[in-house]
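Quick notes on the structure that follows.
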Amino acid sequence: MASAMATTLASRPAPRGRARTLRRVALVLAVLAVVVLVWEGAKFLGGVPWRLPWQGPGDPILHRPPFKWAFVNDLNLPHVWDIAYALLQPFERGSEQNLAQGLFDAALYTWREAGIGFLVGALLGLVLATLFVHSRLLERAFVPYVVASQTIPIIALAPMIVFAIGQGVLAVVVVATYLTFFPVTIAMIRGLRSFDPRSMELMRSYAASDWHVYWKLRLPASLPYLFTGLKISATASIVGAIIGEDVGAIQSGLGRVITTFNQYYITGPEKLWAAILFAAMLGGAFFLVVRGVELVVLRGRPRAAEG
Amino acid sequence: MSSPGPVVRLAGVDKIFARGDGPVTAALEAIDLEIAAGEFISLIGPSGCGKSTLLRVIGDLTDPSAGDVVVNGKPARRARLDRDYGMVFQAPVLMDWRTVQGNVELPLEVMGWAPARRRERTREMLELVELADFVGHHPYQLSGGMQQRVAIARALAFEPAILLMDEPFGALDEMTRERMNSEVLRIWERTGTTIVFVTHSIPEAVFLSTRVVVMSPRPGRITRIVEVDLPRPRDEPTRESRRYFELITEVREALRAGGGLATELDDPSIASDERTLAEGAVG
């Protein structure tokens with residue numbers, strides 16, 4: 001009887017999980033549709049006269065909005081289809097790549113830097129948190145400085161890092177690391193203390209070494225917290241890498257692309273919007289990768305599916 | 001365990017809790033107790049009588065304020081470092097990231113057993129508690145009673161000289177509890193392990209034990225030790241025998257005489273107070 005109950009509980013039907021995933025994707029797409037609708041709706045009411053993406057002044061007007069609102073003109077808020085059209089245009093004058101391909105390459109480049117910074121930062125955060133939970137003295141002495149480190153605007157710090165290390169990918173990685181280690185440190189100070197105190201008594205009754213307590217109790221118990229930190233760090237590392245590329249004058253990556261398109265915003269606002277879109281998608285993709293790893297690592301735990 | 005002396009010898013054990021500048025609580029006072037190899041001893045008493053604390057003192061999870069605790073002829077600390085204790089708590093305290101197999105293997109991993117030997121022993125233990133079909137399950141997929149059986153398998157896996165059980169079935173319903181009682185007796189008879197068992201339940205204590213140690217609260221003392229001479233093997237007919245009820249009455253009267261009114265036994269507010277004290281002691 002008991003065994004029958006356990007098997008029912010154990011076998012969670014896969015289709016239900018897939019249906020739930022589909023529903024969540026549909027929800028995200030629905031929100032996107034609403035955003036586009038509000039965006040174009042505002043332009044429909046108060047934008048500048050509508051023309052096809054490849055047409056300019058003098059070409060026939062498709063729709064003349066009744067009002068004239070500056071914040072929805074084509075410079076402040078380009079048409080969604082203008083951004084989409086721009087993605088298919090050459091990345092730069094005379095380049096064979098279109099904008100979408102160029103942005104994809106730039107995003108990959110940025111991801112590489114961000115990813116290294118993320119790994120180094122996560123490791124640093126883990127080491128710091130491990131030291132802090134084993135020594136109240138270290139925790140009291142250094143945690144305030146860890147917190148203070150994050151109140152310095154990265155815009156102020158990045159040039160100093162570039163100056164100290166020299167222009168190059170290393171400086172970008174260091175900036176990404178700087179933004180990454182903090183969420184992991186804070187989450188893991190909590191996580192490494194989140195074990196069931198009775199489990200500690202159990203380990204004590206086994207005369208377990210500190211290493212065994214760490215490796216078999218503290219660390220596994222902390223993993224849900226670790227992934228919470230890592231998910232914040234994943235997006236922060238992208239921001240760090242973009243700022244690092246900008247300040248470090250790296251010739252590739254989203255940071256450089258965003259800087260360039262910023263300078264030419266007046267002539268092509270769609271390009272900067274497209275770059276921002278790719279930066280957002282990169283952050284989202286990195287988040288999803290971490291979430292995927294989380295689902296694999298935490299499988300079998302009762303609340304793994306949440307979060 | 002070839003030593004002729006008792007497995008556990010407590011002499012003049014006191015335990016005082018002092019919380020900061022708050023009130024001082026005498027949790028245990030002048031405890032003398034000898035437990036022979038292979039005995040099944042129940043500690044019973046109202047909440048706050050220090051029975052859990054006494055168990056923790058025996059297991060070196062907390063230090064006595066005074067007195068001697070000798071286990072297998074050694075100080076309790078030495079016995080703990082020699083891995084003489086198996087512990088079972090009221091909650092199963094399984095690690096939810098480990099499977100049933102992984103949970104039973106935990107102490108064996110800590111103790112450095114080779115993987116093949118670990119697997120072999122785990123299989124034996126899970127057969128003993130009749131959970132061999134659940135090796136790959138995670139704890140949340142099991143019922144409370146099954147989880148507690150995993151905890152018992154884990155505690156017995158490294159063949160500790162003494163099994164310390166702190167209200168192991170207190171969270172289970174009456175039916176499951178009676179089944180678990182029979183199961184623990186069967187395991188005890190097969191393994192010959194010495195068991196010290198803390199409980200709130202008079203019938204449970206009488207059904208299981210060779211001797212029932214009755215305690216009284218504030219300060220926690222041993223007021224009586226009731227010898228249980230029920231024939232073995234004990235099973236369902238035992239629960240209906242006249243002698244069983246006589247012994248239950250004897251234990252109940254001993255509790256009442258010691259100031260532990262029977263009505264106080266299941267007062268949850270006092271129970272939680274006792275737990276707070278016990279946790280405060282670990283720091």
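Numbering starts fresh at 1 for the residues of each chain in the structure tokens, the chains themselves are lettered A, B, ... in the order given, and ligands are numbered from 1 as they appear.
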
Legend entry - Distance-based interface of chain B with chain A, 7 Å, counting only C-alpha atoms, as a ChimeraX atom specification: /B:61,80-81,83,85,87,93,96-97,107,110,138,140-142

Please dump the current selection as a compact mmCIF listing (two decimals), in the first residue's frame; keep N, CA and C atoms.
# COMPACT_ATOMS: atom_id res chain seq x y z
N LEU B 61 26.42 14.72 22.45
CA LEU B 61 25.98 15.86 21.66
C LEU B 61 25.89 17.10 22.55
N ARG B 80 32.13 8.63 20.89
CA ARG B 80 31.58 9.28 19.70
C ARG B 80 32.63 9.29 18.58
N LEU B 81 33.87 9.62 18.95
CA LEU B 81 34.92 9.65 17.92
C LEU B 81 35.18 8.25 17.37
N ARG B 83 32.85 6.26 16.78
CA ARG B 83 31.61 5.96 16.05
C ARG B 83 30.83 4.81 16.69
N TYR B 85 27.97 5.38 18.21
CA TYR B 85 26.56 5.76 18.31
C TYR B 85 25.86 5.78 16.97
N MET B 87 22.27 7.50 15.64
CA MET B 87 21.25 8.44 16.13
C MET B 87 20.01 8.39 15.24
N VAL B 93 15.30 13.58 9.29
CA VAL B 93 16.52 14.33 8.97
C VAL B 93 17.29 13.65 7.84
N ASP B 96 17.64 15.84 1.39
CA ASP B 96 16.68 15.72 0.28
C ASP B 96 17.38 15.66 -1.08
N TRP B 97 18.69 15.99 -1.13
CA TRP B 97 19.40 15.89 -2.41
C TRP B 97 19.98 14.49 -2.62
N PRO B 107 26.77 7.89 6.33
CA PRO B 107 27.77 7.64 7.40
C PRO B 107 28.92 6.77 6.90
N VAL B 110 31.38 8.97 5.13
CA VAL B 110 32.14 9.75 6.10
C VAL B 110 33.20 8.86 6.76
N HIS B 138 13.75 9.53 -3.88
CA HIS B 138 14.17 10.66 -3.05
C HIS B 138 13.24 10.73 -1.83
N TYR B 140 11.38 12.88 -0.42
CA TYR B 140 10.03 13.48 -0.49
C TYR B 140 9.03 12.57 -1.18
N GLN B 141 9.54 11.50 -1.82
CA GLN B 141 8.63 10.57 -2.49
C GLN B 141 8.15 9.48 -1.54
N LEU B 142 8.63 9.50 -0.29
CA LEU B 142 8.26 8.46 0.68
C LEU B 142 7.32 9.03 1.74

Hey, could you make a per-residue contact list for region 130-222 of chain B against region 120-126 of chain B with 6 Å as the cut-off, showing the nearest pair of atoms and its distance in Å to one decimal, counting only C-alpha atoms, sorted by chain and number, as CSV?
residue,atom,partner,partner_atom,distance
B:Glu130,CA,B:Leu126,CA,5.8
B:Leu131,CA,B:Leu126,CA,5.0
B:Ala132,CA,B:Leu126,CA,4.9
B:Ala153,CA,B:Met125,CA,5.3

Saved selection, atoms kept: N, CA and C atoms, as a PDB file, in the first residue's frame:
ATOM      1  N   GLU B 130      12.888  -3.271   5.001  1.00  0.00           N
ATOM      2  CA  GLU B 130      11.903  -3.558   3.952  1.00  0.00           C
ATOM      3  C   GLU B 130      11.663  -2.380   3.014  1.00  0.00           C
ATOM      4  N   LEU B 131      12.772  -1.782   2.582  1.00  0.00           N
ATOM      5  CA  LEU B 131      12.669  -0.688   1.616  1.00  0.00           C
ATOM      6  C   LEU B 131      13.576  -0.938   0.419  1.00  0.00           C
ATOM      7  N   ALA B 132      13.893  -2.222   0.189  1.00  0.00           N
ATOM      8  CA  ALA B 132      14.855  -2.547  -0.874  1.00  0.00           C
ATOM      9  C   ALA B 132      14.399  -2.050  -2.240  1.00  0.00           C
ATOM     10  N   ALA B 153      17.713   2.633   9.064  1.00  0.00           N
ATOM     11  CA  ALA B 153      18.706   1.891   8.267  1.00  0.00           C
ATOM     12  C   ALA B 153      20.038   2.629   8.269  1.00  0.00           C
TER      13      ALA B 153
END

Legend entry - Polymer residues at most 9 Å from region 269-272 of chain A, only C-alpha atoms, same-chain spacing of 2 or more positions, as a VMD selection string: chain A and resid 74 to 80 82 to 87 91 99 257 to 262 264 to 267 274 to 277

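Distance-wise, CA of Gln97 (chain A) and CA of Trp273 (chain A) end up 18.0 Å apart.
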